[in-house]
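Next comes start.tsv, a file with TSV, C-alpha atoms.
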```tsv
chain	number	residue	atom	x	y	z
A	299	MET	CA	5.63	10.84	-26.28
A	300	SER	CA	7.80	11.49	-23.25
A	301	VAL	CA	6.74	11.48	-19.64
A	302	ALA	CA	8.25	14.02	-17.25
A	303	LEU	CA	9.67	11.47	-14.85
A	304	GLU	CA	11.28	9.52	-17.68
A	305	SER	CA	13.57	12.49	-18.37
A	306	ASN	CA	15.06	12.29	-14.89
A	307	ALA	CA	18.06	9.98	-14.49
A	308	VAL	CA	17.30	9.47	-10.80
A	309	PHE	CA	13.76	8.40	-11.58
A	310	ILE	CA	14.94	6.04	-14.30
A	311	GLY	CA	17.23	4.34	-11.79
A	312	ILE	CA	14.38	4.06	-9.28
A	313	GLU	CA	12.12	2.68	-11.99
A	314	TYR	CA	14.60	-0.07	-12.82
A	315	LEU	CA	14.84	-0.83	-9.10
A	316	ALA	CA	11.04	-1.05	-8.90
A	317	ILE	CA	10.93	-3.42	-11.88
A	318	PHE	CA	13.66	-5.56	-10.38
A	319	CYS	CA	12.00	-5.77	-6.97
A	320	SER	CA	8.57	-6.45	-8.45
A	321	GLY	CA	10.16	-9.33	-10.32
A	322	LEU	CA	11.64	-10.56	-7.04
A	323	SER	CA	8.22	-10.67	-5.40
A	324	GLY	CA	6.78	-12.57	-8.34
A	325	GLY	CA	9.66	-15.01	-8.51
A	326	LEU	CA	9.49	-15.57	-4.75
A	327	ALA	CA	5.82	-16.49	-5.02
A	328	ALA	CA	6.68	-18.97	-7.78
A	329	THR	CA	9.46	-20.60	-5.73
A	330	ARG	CA	7.03	-21.14	-2.86
A	331	LYS	CA	4.94	-23.15	-5.30
A	332	HIS	CA	8.06	-25.24	-6.16
A	333	TYR	CA	7.93	-24.30	-9.84
A	334	ASP	CA	10.81	-24.81	-12.26
A	335	ILE	CA	13.24	-22.10	-13.39
A	336	PHE	CA	11.32	-21.26	-16.56
A	337	SER	CA	8.12	-20.71	-14.59
A	338	ILE	CA	10.01	-18.56	-12.08
A	339	LEU	CA	11.39	-16.37	-14.88
A	340	MET	CA	7.98	-16.06	-16.52
A	341	ILE	CA	6.24	-15.10	-13.27
A	342	SER	CA	8.97	-12.56	-12.48
A	343	TRP	CA	8.63	-10.99	-15.93
A	344	VAL	CA	4.83	-10.81	-15.89
A	345	THR	CA	4.77	-9.41	-12.35
A	346	ALA	CA	7.26	-6.68	-13.16
A	347	LEU	CA	6.01	-5.70	-16.63
A	348	GLY	CA	2.49	-7.12	-16.96
A	349	GLY	CA	0.81	-3.90	-15.88
A	350	GLY	CA	2.73	-1.83	-18.43
A	351	ILE	CA	1.89	-4.33	-21.15
A	352	VAL	CA	-1.83	-4.10	-20.37
A	353	ARG	CA	-1.59	-0.31	-20.40
A	354	ASP	CA	0.25	-0.14	-23.72
A	355	VAL	CA	-2.15	-2.57	-25.38
A	356	LEU	CA	-5.15	-0.51	-24.28
A	357	LEU	CA	-3.43	2.69	-25.44
A	358	GLY	CA	-2.56	1.15	-28.80
A	359	SER	CA	1.15	1.72	-28.14
A	360	LEU	CA	2.37	-1.43	-29.85
A	361	PRO	CA	4.50	-3.38	-29.40
A	362	PRO	CA	4.47	-2.83	-25.61
A	363	THR	CA	7.57	-1.68	-23.77
A	364	GLY	CA	7.42	-4.87	-21.72
A	365	ILE	CA	8.76	-6.78	-24.72
A	366	THR	CA	10.68	-4.07	-26.59
A	367	ASN	CA	12.69	-2.31	-23.87
A	368	LYS	CA	15.75	-4.50	-23.37
A	369	GLY	CA	16.61	-2.87	-20.06
A	370	TYR	CA	13.17	-3.59	-18.62
A	371	VAL	CA	13.09	-7.17	-19.86
A	372	LEU	CA	16.60	-7.97	-18.67
A	373	SER	CA	15.90	-6.44	-15.25
A	374	ALA	CA	12.79	-8.57	-14.85
A	375	LEU	CA	14.53	-11.76	-15.97
A	376	LEU	CA	17.55	-11.02	-13.79
A	377	SER	CA	15.27	-10.75	-10.78
A	378	GLY	CA	13.98	-14.24	-11.56
A	379	VAL	CA	17.51	-15.63	-11.67
A	380	VAL	CA	18.42	-13.92	-8.40
A	381	VAL	CA	15.36	-15.17	-6.57
A	382	ALA	CA	15.92	-18.71	-7.86
A	383	ILE	CA	19.34	-18.67	-6.18
A	384	ALA	CA	18.80	-16.52	-3.10
A	385	HIS	CA	15.12	-17.11	-2.31
A	386	PRO	CA	15.75	-18.11	1.36
A	387	GLU	CA	17.51	-14.81	2.05
A	388	ILE	CA	15.01	-12.75	0.05
A	389	GLY	CA	12.11	-14.42	1.85
A	390	ASN	CA	13.43	-13.07	5.15
A	391	LEU	CA	13.47	-9.46	3.89
A	392	THR	CA	9.78	-8.94	4.63
A	393	ARG	CA	9.93	-5.27	5.61
A	394	SER	CA	12.28	-4.36	2.79
A	395	MET	CA	10.04	-6.04	0.25
A	396	ILE	CA	7.01	-4.14	1.57
A	397	VAL	CA	8.86	-0.83	1.19
A	398	VAL	CA	10.05	-1.60	-2.33
A	399	ASP	CA	6.63	-2.90	-3.33
A	400	ALA	CA	5.13	0.39	-2.13
A	401	MET	CA	7.70	2.28	-4.21
A	402	ALA	CA	6.81	0.23	-7.27
A	403	LEU	CA	3.11	0.86	-6.62
A	404	GLY	CA	3.60	4.62	-6.56
A	405	LEU	CA	6.01	4.77	-9.50
A	406	PHE	CA	3.91	2.59	-11.78
A	407	ALA	CA	0.70	4.44	-10.89
A	408	VAL	CA	2.16	7.88	-11.61
A	409	ASN	CA	4.09	6.82	-14.70
A	410	GLY	CA	1.16	4.89	-16.17
A	411	THR	CA	-1.24	7.79	-15.64
A	412	ALA	CA	1.22	10.31	-17.07
A	413	LYS	CA	1.77	8.19	-20.16
A	414	ALA	CA	-1.97	7.86	-20.69
A	415	MET	CA	-2.35	11.64	-20.42
A	416	ALA	CA	0.49	12.04	-22.94
A	417	PHE	CA	-1.66	10.05	-25.37
A	418	HIS	CA	-4.43	12.65	-24.85
A	419	THR	CA	-6.87	10.34	-23.10
A	420	SER	CA	-9.53	11.65	-20.75
A	421	GLY	CA	-8.77	11.98	-17.06
A	422	MET	CA	-10.98	9.04	-16.12
A	423	THR	CA	-9.33	6.81	-18.72
A	424	ALA	CA	-5.89	7.85	-17.50
A	425	VAL	CA	-6.81	6.91	-13.92
A	426	PHE	CA	-7.91	3.45	-15.02
A	427	LEU	CA	-4.77	2.93	-17.10
A	428	GLY	CA	-2.58	4.14	-14.24
A	429	MET	CA	-4.18	1.66	-11.88
A	430	PHE	CA	-3.80	-1.09	-14.46
A	431	THR	CA	-0.10	-0.25	-14.66
A	432	ALA	CA	0.27	-0.46	-10.89
A	433	LEU	CA	-1.95	-3.45	-10.14
A	434	ALA	CA	-2.30	-5.64	-13.23
A	435	GLY	CA	1.11	-7.30	-12.86
A	436	GLY	CA	0.30	-8.64	-9.40
A	437	LEU	CA	-3.19	-9.58	-10.53
A	438	ILE	CA	-1.86	-11.66	-13.42
A	439	ARG	CA	0.75	-13.23	-11.13
A	440	ASP	CA	-1.82	-14.34	-8.56
A	441	THR	CA	-4.14	-15.62	-11.28
A	442	LEU	CA	-1.38	-17.77	-12.77
A	443	LEU	CA	-0.48	-19.06	-9.31
A	444	ASN	CA	-4.14	-19.86	-8.54
A	445	GLU	CA	-4.28	-17.51	-5.55
A	446	VAL	CA	-6.67	-14.78	-4.44
A	447	PRO	CA	-5.25	-11.52	-5.88
A	448	SER	CA	-3.36	-9.42	-3.37
A	449	ILE	CA	-5.52	-6.38	-4.13
A	450	ILE	CA	-8.42	-8.39	-2.63
A	451	ARG	CA	-6.53	-10.49	-0.10
A	452	ASP	CA	-4.59	-7.62	1.45
A	453	LYS	CA	-6.96	-5.71	3.73
A	454	HIS	CA	-4.57	-2.79	4.15
A	455	TRP	CA	-4.53	0.11	1.72
A	456	TYR	CA	-3.19	-1.19	-1.59
A	457	ALA	CA	-5.40	-0.05	-4.43
A	458	VAL	CA	-6.49	3.11	-2.59
A	459	PRO	CA	-3.05	4.78	-2.58
A	460	SER	CA	-2.60	4.08	-6.28
A	461	PHE	CA	-6.06	5.50	-6.97
A	462	VAL	CA	-5.20	8.69	-5.10
A	463	GLY	CA	-1.86	8.93	-6.93
A	464	CYS	CA	-3.54	8.52	-10.31
A	465	ILE	CA	-6.08	11.26	-9.62
A	466	LEU	CA	-3.39	13.68	-8.45
A	467	THR	CA	-1.28	12.89	-11.51
A	468	VAL	CA	-4.21	13.72	-13.78
A	469	ILE	CA	-4.63	17.07	-12.01
A	470	VAL	CA	-0.93	17.85	-12.44
A	471	SER	CA	-1.02	16.90	-16.12
A	472	LYS	CA	-4.02	19.14	-16.74
A	473	CYS	CA	-2.22	22.02	-15.02
A	474	VAL	CA	0.77	21.46	-17.31
A	475	ARG	CA	-1.48	21.60	-20.37
A	476	ALA	CA	-2.99	24.84	-19.10
A	477	GLY	CA	0.48	26.34	-18.69
A	478	ILE	CA	0.19	26.69	-14.92
A	479	ILE	CA	3.11	24.32	-14.21
A	480	ASP	CA	6.32	23.89	-16.20
A	481	LEU	CA	8.26	20.67	-16.80
A	482	HIS	CA	10.40	20.99	-13.68
A	483	GLY	CA	7.36	21.68	-11.54
A	484	GLU	CA	5.60	18.65	-13.02
A	485	MET	CA	8.60	16.46	-12.22
A	486	ALA	CA	8.75	17.69	-8.62
A	487	LEU	CA	5.03	17.20	-8.09
A	488	ASP	CA	5.11	13.72	-9.62
A	489	LEU	CA	7.89	12.71	-7.25
A	490	GLY	CA	5.85	14.15	-4.39
A	491	ILE	CA	2.84	12.07	-5.48
A	492	VAL	CA	5.00	8.93	-5.52
A	493	ALA	CA	6.17	9.73	-2.00
A	494	LEU	CA	2.54	10.21	-0.90
A	495	VAL	CA	1.49	6.84	-2.34
A	496	VAL	CA	4.41	5.12	-0.61
A	497	ALA	CA	3.60	6.84	2.69
A	498	MET	CA	-0.09	5.88	2.52
A	499	ARG	CA	0.75	2.26	1.83
A	500	LEU	CA	3.38	1.97	4.58
A	501	LEU	CA	1.30	3.80	7.19
A	502	SER	CA	-1.67	1.53	6.53
A	503	VAL	CA	0.53	-1.52	7.14
A	504	LYS	CA	2.26	-0.09	10.21
A	505	PHE	CA	-0.89	1.13	11.96
A	506	ASN	CA	-3.18	-1.60	10.62
A	507	ILE	CA	-5.43	0.86	8.77
A	508	MET	CA	-8.09	-0.90	6.72
A	509	LEU	CA	-11.15	0.11	4.77
A	510	PRO	CA	-14.51	-0.76	6.33
A	511	GLY	CA	-16.45	-3.70	4.96
A	512	ALA	CA	-20.16	-4.14	4.40
A	513	LEU	CA	-22.50	-2.75	7.05
A	514	GLU	CA	-23.37	-5.43	9.60
A	515	ARG	CA	-27.13	-5.88	9.90
A	516	GLU	CA	-29.16	-8.54	11.68
A	517	ARG	CA	-32.42	-8.27	9.79
A	518	ALA	CA	-33.91	-6.67	6.69
A	519	HIS	CA	-36.47	-3.90	7.10
A	520	LEU	CA	-37.94	-4.38	3.64
A	521	ARG	CA	-39.67	-7.73	3.17
A	522	MET	CA	-41.27	-8.84	-0.05
A	523	ARG	CA	-44.68	-10.42	0.72
A	524	SER	CA	-46.19	-10.30	-2.75
A	525	ARG	CA	-47.57	-13.60	-4.01
A	526	TYR	CA	-46.34	-12.74	-7.49
A	527	LEU	CA	-42.70	-12.79	-6.44
A	528	ARG	CA	-42.09	-16.39	-5.58
A	529	ARG	CA	-38.88	-18.34	-5.71
A	530	PRO	CA	-38.72	-20.32	-8.97
A	531	VAL	CA	-38.69	-24.11	-8.84
A	532	VAL	CA	-35.21	-25.23	-9.84
A	533	HIS	CA	-36.04	-28.93	-10.33
A	534	PRO	CA	-39.70	-29.22	-11.34
A	535	GLN	CA	-39.31	-32.88	-12.27
A	536	VAL	CA	-39.06	-33.75	-8.58
A	537	HIS	CA	-42.76	-32.94	-8.16
A	538	GLU	CA	-43.91	-34.71	-11.32
A	539	PRO	CA	-44.90	-38.03	-9.67
A	540	GLN	CA	-46.95	-36.23	-7.03
A	541	ASP	CA	-48.62	-33.98	-9.62
A	542	ALA	CA	-49.38	-36.99	-11.80
A	543	ALA	CA	-51.09	-38.72	-8.88
A	544	VAL	CA	-53.19	-35.67	-8.07
A	545	ASN	CA	-54.14	-34.61	-11.61
A	546	ILE	CA	-56.17	-37.68	-12.59
A	547	PRO	CA	-58.32	-37.25	-15.71
A	548	SER	CA	-62.02	-36.94	-14.97
A	549	GLU	CA	-63.08	-39.91	-17.13
A	550	ALA	CA	-60.57	-42.23	-15.51
A	551	ALA	CA	-61.69	-41.04	-12.11
A	552	GLY	CA	-65.35	-41.79	-12.96
A	553	LYS	CA	-64.58	-45.34	-14.12
A	554	HIS	CA	-62.58	-45.97	-11.00
A	555	HIS	CA	-65.55	-44.78	-8.91
A	556	GLU	CA	-67.95	-47.03	-10.78
A	557	GLY	CA	-65.74	-50.05	-10.25
```

So that I can check it, write out the structure of this file as structure tokens.
Amino acid sequence: MSVALESNAVFIGIEYLAIFCSGLSGGLAATRKHYDIFSILMISWVTALGGGIVRDVLLGSLPPTGITNKGYVLSALLSGVVVAIAHPEIGNLTRSMIVVDAMALGLFAVNGTAKAMAFHTSGMTAVFLGMFTALAGGLIRDTLLNEVPSIIRDKHWYAVPSFVGCILTVIVSKCVRAGIIDLHGEMALDLGIVALVVAMRLLSVKFNIMLPGALERERAHLRMRSRYLRRPVVHPQVHEPQDAAVNIPSEAAGKHHEG
């Protein structure tokens, strides 16, 4: 089952670049933890291809491309080798890494959603699988490194652009099925969606655009005063001595009074 972008040589080259640079970001995070070379290679591989593996497993496309496509695997492992040697120089390329990471975010989101639609999933399922493709690699990386995932830690738009890209990709795929758009039109629109995702991500970082948090409130307007809704006692044994002293049997109390 082919995806429109996978038939474009330019896109294939960009996809390999995205895999390579995603592996660089994962390997760089591992070097900052002072891990050994095997750990660096593993983190680079799982960062670059982990999202696609999750997607393929959920689609039932086994074995996943993350372990069968030699080009993908070698690109991911090569990025680990490069970052193990040149991590001081790569660490200084902050802006370049943000741009490439945004490209990988858009490419993986669109490609993952398009592949899910090629397997005749529903639109909602395709959106989830597209987001898994774009975000699961970084999520697995941060989990292995015992860090807060970047999709939570980064307050700028990260998951939102991929979500928008996945929805637009579903719309384009449905138009292709209906015969409204041909293969070349699908390819052009998919590339446009990738560009939109990249632009949303970069603009949010440049202009410090963030999603709002929870509504700040000083007090609650609804207060529960019912006597039937009481906080349960977590440690009832703490009150046992006091209860035992108060609940004296009546006979024992009478004898004590007589004495």

Would you mind telling me which residue in A:Leu347, A:Val468, A:Cys319, A:Ala457 lies nearest to His418 of chain A when using all atoms listed in the file?
A:Val468

May I have the protein, DNA and RNA residues with an atom at most 10 Å from (-5.2, -0.7, -15.7), counting all atoms listed in the file in the file's coordinates, returned as an NGL selection string?
:A and (349-354 or 356 or 407 or 410-411 or 423-435)

Keeping C-alpha atoms, export the residues of the selection given above as a CSV table (one decimal), in the frame of the given file.
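Okay, out-v4.csv is ready:
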```
chain,number,residue,atom,x,y,z
A,349,GLY,CA,0.8,-3.9,-15.9
A,350,GLY,CA,2.7,-1.8,-18.4
A,351,ILE,CA,1.9,-4.3,-21.2
A,352,VAL,CA,-1.8,-4.1,-20.4
A,353,ARG,CA,-1.6,-0.3,-20.4
A,354,ASP,CA,0.2,-0.1,-23.7
A,356,LEU,CA,-5.2,-0.5,-24.3
A,407,ALA,CA,0.7,4.4,-10.9
A,410,GLY,CA,1.2,4.9,-16.2
A,411,THR,CA,-1.2,7.8,-15.6
A,423,THR,CA,-9.3,6.8,-18.7
A,424,ALA,CA,-5.9,7.8,-17.5
A,425,VAL,CA,-6.8,6.9,-13.9
A,426,PHE,CA,-7.9,3.4,-15.0
A,427,LEU,CA,-4.8,2.9,-17.1
A,428,GLY,CA,-2.6,4.1,-14.2
A,429,MET,CA,-4.2,1.7,-11.9
A,430,PHE,CA,-3.8,-1.1,-14.5
A,431,THR,CA,-0.1,-0.2,-14.7
A,432,ALA,CA,0.3,-0.5,-10.9
A,433,LEU,CA,-2.0,-3.4,-10.1
A,434,ALA,CA,-2.3,-5.6,-13.2
A,435,GLY,CA,1.1,-7.3,-12.9
```

Dump as CSV the rows for residues of segment 435-483 of chain A within 10 Å of segment 381-403 of chain A: closest atom pair and distance in Å with one decimal, all atoms listed in the file counted, ordered by chain and rising residue number.
```
residue,atom,partner,partner_atom,distance
A:Tyr456,CA,A:Leu403,CA,8.3
A:Ala457,CA,A:Leu403,CA,8.8
A:Pro459,CA,A:Leu403,CA,8.3
A:Ser460,CA,A:Leu403,CA,6.6
A:Gly463,CA,A:Leu403,CA,9.5
```

Please save C-alpha atoms of the selected residues as a CSV table (one decimal), in the coordinates of the input.
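Wrote out.csv, looks like this:
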```
chain,number,residue,atom,x,y,z
A,456,TYR,CA,-3.2,-1.2,-1.6
A,457,ALA,CA,-5.4,0.0,-4.4
A,459,PRO,CA,-3.0,4.8,-2.6
A,460,SER,CA,-2.6,4.1,-6.3
A,463,GLY,CA,-1.9,8.9,-6.9
```

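Shown here are all protein and nucleic acid residues lying within 12 Å of (-3.6, -21.7, -8.3), with all atoms listed in the file considered: Ala327, Ala328, Arg330, Lys331, Tyr333, Ile438, Arg439, Asp440, Thr441, Leu442, Leu443, Asn444, Glu445, Val446 and Pro447 of chain A.
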
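Of note, atom CA of Met422 of chain A and atom CA of Gly324 of chain A are spaced 29.0 Å apart.
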
Could you list, as an MDAnalysis selection string, every residue within 8 Å of Leu509 of chain A, counting only C-alpha atoms and ignoring same-chain residues fewer than 6 positions away?
chainID A and resid 453:455

Report the closest atom pair, with its distance in Å rounded to one decimal, for each residue of segment 374-432 of chain A that has an atom no farther than 12 Å from segment 475-485 of chain A; count all atoms listed in the file, sort by chain and then rising residue number, and write it as a tab-separated table.
```
residue	atom	partner	partner_atom	distance
A:Val408	CA	A:Met485	CA	10.7
A:Asn409	CA	A:Met485	CA	10.9
A:Ala412	CA	A:Glu484	CA	10.3
A:Met415	CA	A:Arg475	CA	10.0
A:Ala416	CA	A:Arg475	CA	10.1
A:His418	CA	A:Arg475	CA	10.4
```

Which is closest to Ile465 of chain A among A:Ile449, A:Val495, A:Gly436, A:Val379, if we use all atoms listed in the file?
A:Val495

Using only C-alpha atoms, which of A:Lys504, A:Thr329, A:Leu322, A:Tyr314 sits nearest Val371 of chain A?
A:Tyr314

Check the smallest atom-to-atom distance from each of A:Ile310, A:Met508, A:Ile335, A:Ala414 to Asp452 of chain A using only C-alpha atoms, then report the winner.
A:Met508

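Among the candidates A:Phe461, A:Lys472, A:Ser420, A:Gly325, the residue lying nearest to Ser337 of chain A is A:Gly325 (atoms considered: all atoms listed in the file).
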
For atom CA of Val474 of chain A and atom CA of Ala486 of chain A, quote the distance in Å rounded to one decimal.
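Between these atoms lies a distance of 12.4 Å.
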
Counting all atoms listed in the file, the residue of A:Ala493, A:Arg499, A:Val470, A:His332 that sits nearest Val458 of chain A:
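So, comparing all the options, the nearest one is A:Arg499.
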
What does the distance from atom CA of Ile365 of chain A to atom CA of Ile450 of chain A come to in Å, to one decimal?
28.0 Å

Return as JSON the box centre and box size in Å, one decimal, for an axis-aligned box around all listed atoms of segment 362-378 of chain A padded by 4 Å per side.
```
{"center_x": 11.0, "center_y": -8.0, "center_z": -18.7, "size_x": 21.1, "size_y": 20.6, "size_z": 23.8}
```

Just so I have it separately, write segment 502-513 of chain A from the block I sent, keeping all heavy atoms, as a JSON list (two decimals), in the first residue's frame.
```
[["chain", "number", "residue", "atom", "x", "y", "z"],
["A", 502, "SER", "N", 5.43, 29.45, 16.63],
["A", 502, "SER", "CA", 5.13, 29.38, 18.07],
["A", 502, "SER", "C", 6.39, 29.56, 18.91],
["A", 502, "SER", "O", 6.34, 30.16, 19.98],
["A", 502, "SER", "CB", 4.45, 28.05, 18.40],
["A", 502, "SER", "OG", 5.35, 26.96, 18.26],
["A", 503, "VAL", "N", 7.52, 29.03, 18.42],
["A", 503, "VAL", "CA", 8.78, 29.19, 19.14],
["A", 503, "VAL", "C", 9.30, 30.62, 19.02],
["A", 503, "VAL", "O", 9.75, 31.22, 20.00],
["A", 503, "VAL", "CB", 9.82, 28.18, 18.62],
["A", 503, "VAL", "CG1", 11.18, 28.43, 19.27],
["A", 503, "VAL", "CG2", 9.37, 26.75, 18.90],
["A", 504, "LYS", "N", 9.23, 31.18, 17.82],
["A", 504, "LYS", "CA", 9.77, 32.52, 17.58],
["A", 504, "LYS", "C", 9.00, 33.58, 18.35],
["A", 504, "LYS", "O", 9.60, 34.48, 18.96],
["A", 504, "LYS", "CB", 9.75, 32.82, 16.08],
["A", 504, "LYS", "CG", 10.32, 34.20, 15.73],
["A", 504, "LYS", "CD", 10.35, 34.42, 14.24],
["A", 504, "LYS", "CE", 10.88, 35.81, 13.90],
["A", 504, "LYS", "NZ", 12.23, 36.05, 14.44],
["A", 505, "PHE", "N", 7.68, 33.51, 18.32],
["A", 505, "PHE", "CA", 6.85, 34.53, 18.96],
["A", 505, "PHE", "C", 6.31, 34.10, 20.32],
["A", 505, "PHE", "O", 5.42, 34.76, 20.87],
["A", 505, "PHE", "CB", 5.69, 34.91, 18.04],
["A", 505, "PHE", "CG", 6.14, 35.54, 16.74],
["A", 505, "PHE", "CD1", 6.14, 34.80, 15.56],
["A", 505, "PHE", "CD2", 6.58, 36.85, 16.70],
["A", 505, "PHE", "CE1", 6.56, 35.37, 14.36],
["A", 505, "PHE", "CE2", 7.00, 37.43, 15.51],
["A", 505, "PHE", "CZ", 6.99, 36.69, 14.34],
["A", 506, "ASN", "N", 6.84, 33.01, 20.85],
["A", 506, "ASN", "CA", 6.48, 32.54, 22.19],
["A", 506, "ASN", "C", 4.97, 32.35, 22.33],
["A", 506, "ASN", "O", 4.34, 32.79, 23.29],
["A", 506, "ASN", "CB", 6.98, 33.52, 23.25],
["A", 506, "ASN", "CG", 7.04, 32.90, 24.64],
["A", 506, "ASN", "OD1", 7.21, 31.69, 24.78],
["A", 506, "ASN", "ND2", 6.89, 33.72, 25.67],
["A", 507, "ILE", "N", 4.38, 31.67, 21.35],
["A", 507, "ILE", "CA", 2.94, 31.39, 21.36],
["A", 507, "ILE", "C", 2.71, 30.08, 22.11],
["A", 507, "ILE", "O", 3.29, 29.05, 21.77],
["A", 507, "ILE", "CB", 2.39, 31.29, 19.93],
["A", 507, "ILE", "CG1", 2.69, 32.59, 19.16],
["A", 507, "ILE", "CG2", 0.90, 31.03, 19.95],
["A", 507, "ILE", "CD1", 2.31, 32.52, 17.70],
["A", 508, "MET", "N", 1.86, 30.15, 23.12],
["A", 508, "MET", "CA", 1.58, 28.97, 23.94],
["A", 508, "MET", "C", 0.09, 28.81, 24.13],
["A", 508, "MET", "O", -0.67, 29.79, 24.05],
["A", 508, "MET", "CB", 2.27, 29.08, 25.31],
["A", 508, "MET", "CG", 3.79, 29.09, 25.25],
["A", 508, "MET", "SD", 4.55, 29.28, 26.86],
["A", 508, "MET", "CE", 4.13, 30.98, 27.24],
["A", 509, "LEU", "N", -0.33, 27.60, 24.39],
["A", 509, "LEU", "CA", -1.73, 27.34, 24.69],
["A", 509, "LEU", "C", -2.04, 27.78, 26.12],
["A", 509, "LEU", "O", -1.17, 27.68, 27.00],
["A", 509, "LEU", "CB", -2.05, 25.86, 24.53],
["A", 509, "LEU", "CG", -2.02, 25.29, 23.11],
["A", 509, "LEU", "CD1", -2.25, 23.79, 23.16],
["A", 509, "LEU", "CD2", -3.06, 25.96, 22.23],
["A", 510, "PRO", "N", -3.25, 28.26, 26.37],
["A", 510, "PRO", "CA", -3.60, 28.65, 27.75],
["A", 510, "PRO", "C", -3.70, 27.43, 28.65],
["A", 510, "PRO", "O", -4.01, 26.32, 28.19],
["A", 510, "PRO", "CB", -4.95, 29.36, 27.59],
["A", 510, "PRO", "CG", -5.53, 28.77, 26.34],
["A", 510, "PRO", "CD", -4.36, 28.50, 25.43],
["A", 511, "GLY", "N", -3.45, 27.65, 29.93],
["A", 511, "GLY", "CA", -3.57, 26.59, 30.91],
["A", 511, "GLY", "C", -4.95, 26.57, 31.54],
["A", 511, "GLY", "O", -5.93, 27.08, 30.98],
["A", 512, "ALA", "N", -5.03, 25.99, 32.72],
["A", 512, "ALA", "CA", -6.30, 25.94, 33.44],
["A", 512, "ALA", "C", -6.71, 27.34, 33.88],
["A", 512, "ALA", "O", -5.87, 28.21, 34.13],
["A", 512, "ALA", "CB", -6.17, 25.02, 34.65],
["A", 513, "LEU", "N", -8.01, 27.57, 33.96],
["A", 513, "LEU", "CA", -8.54, 28.86, 34.36],
["A", 513, "LEU", "C", -8.20, 29.13, 35.82],
["A", 513, "LEU", "O", -8.47, 28.31, 36.71],
["A", 513, "LEU", "CB", -10.06, 28.89, 34.17],
["A", 513, "LEU", "CG", -10.78, 30.20, 34.48],
["A", 513, "LEU", "CD1", -10.31, 31.30, 33.53],
["A", 513, "LEU", "CD2", -12.29, 30.02, 34.39]]
```
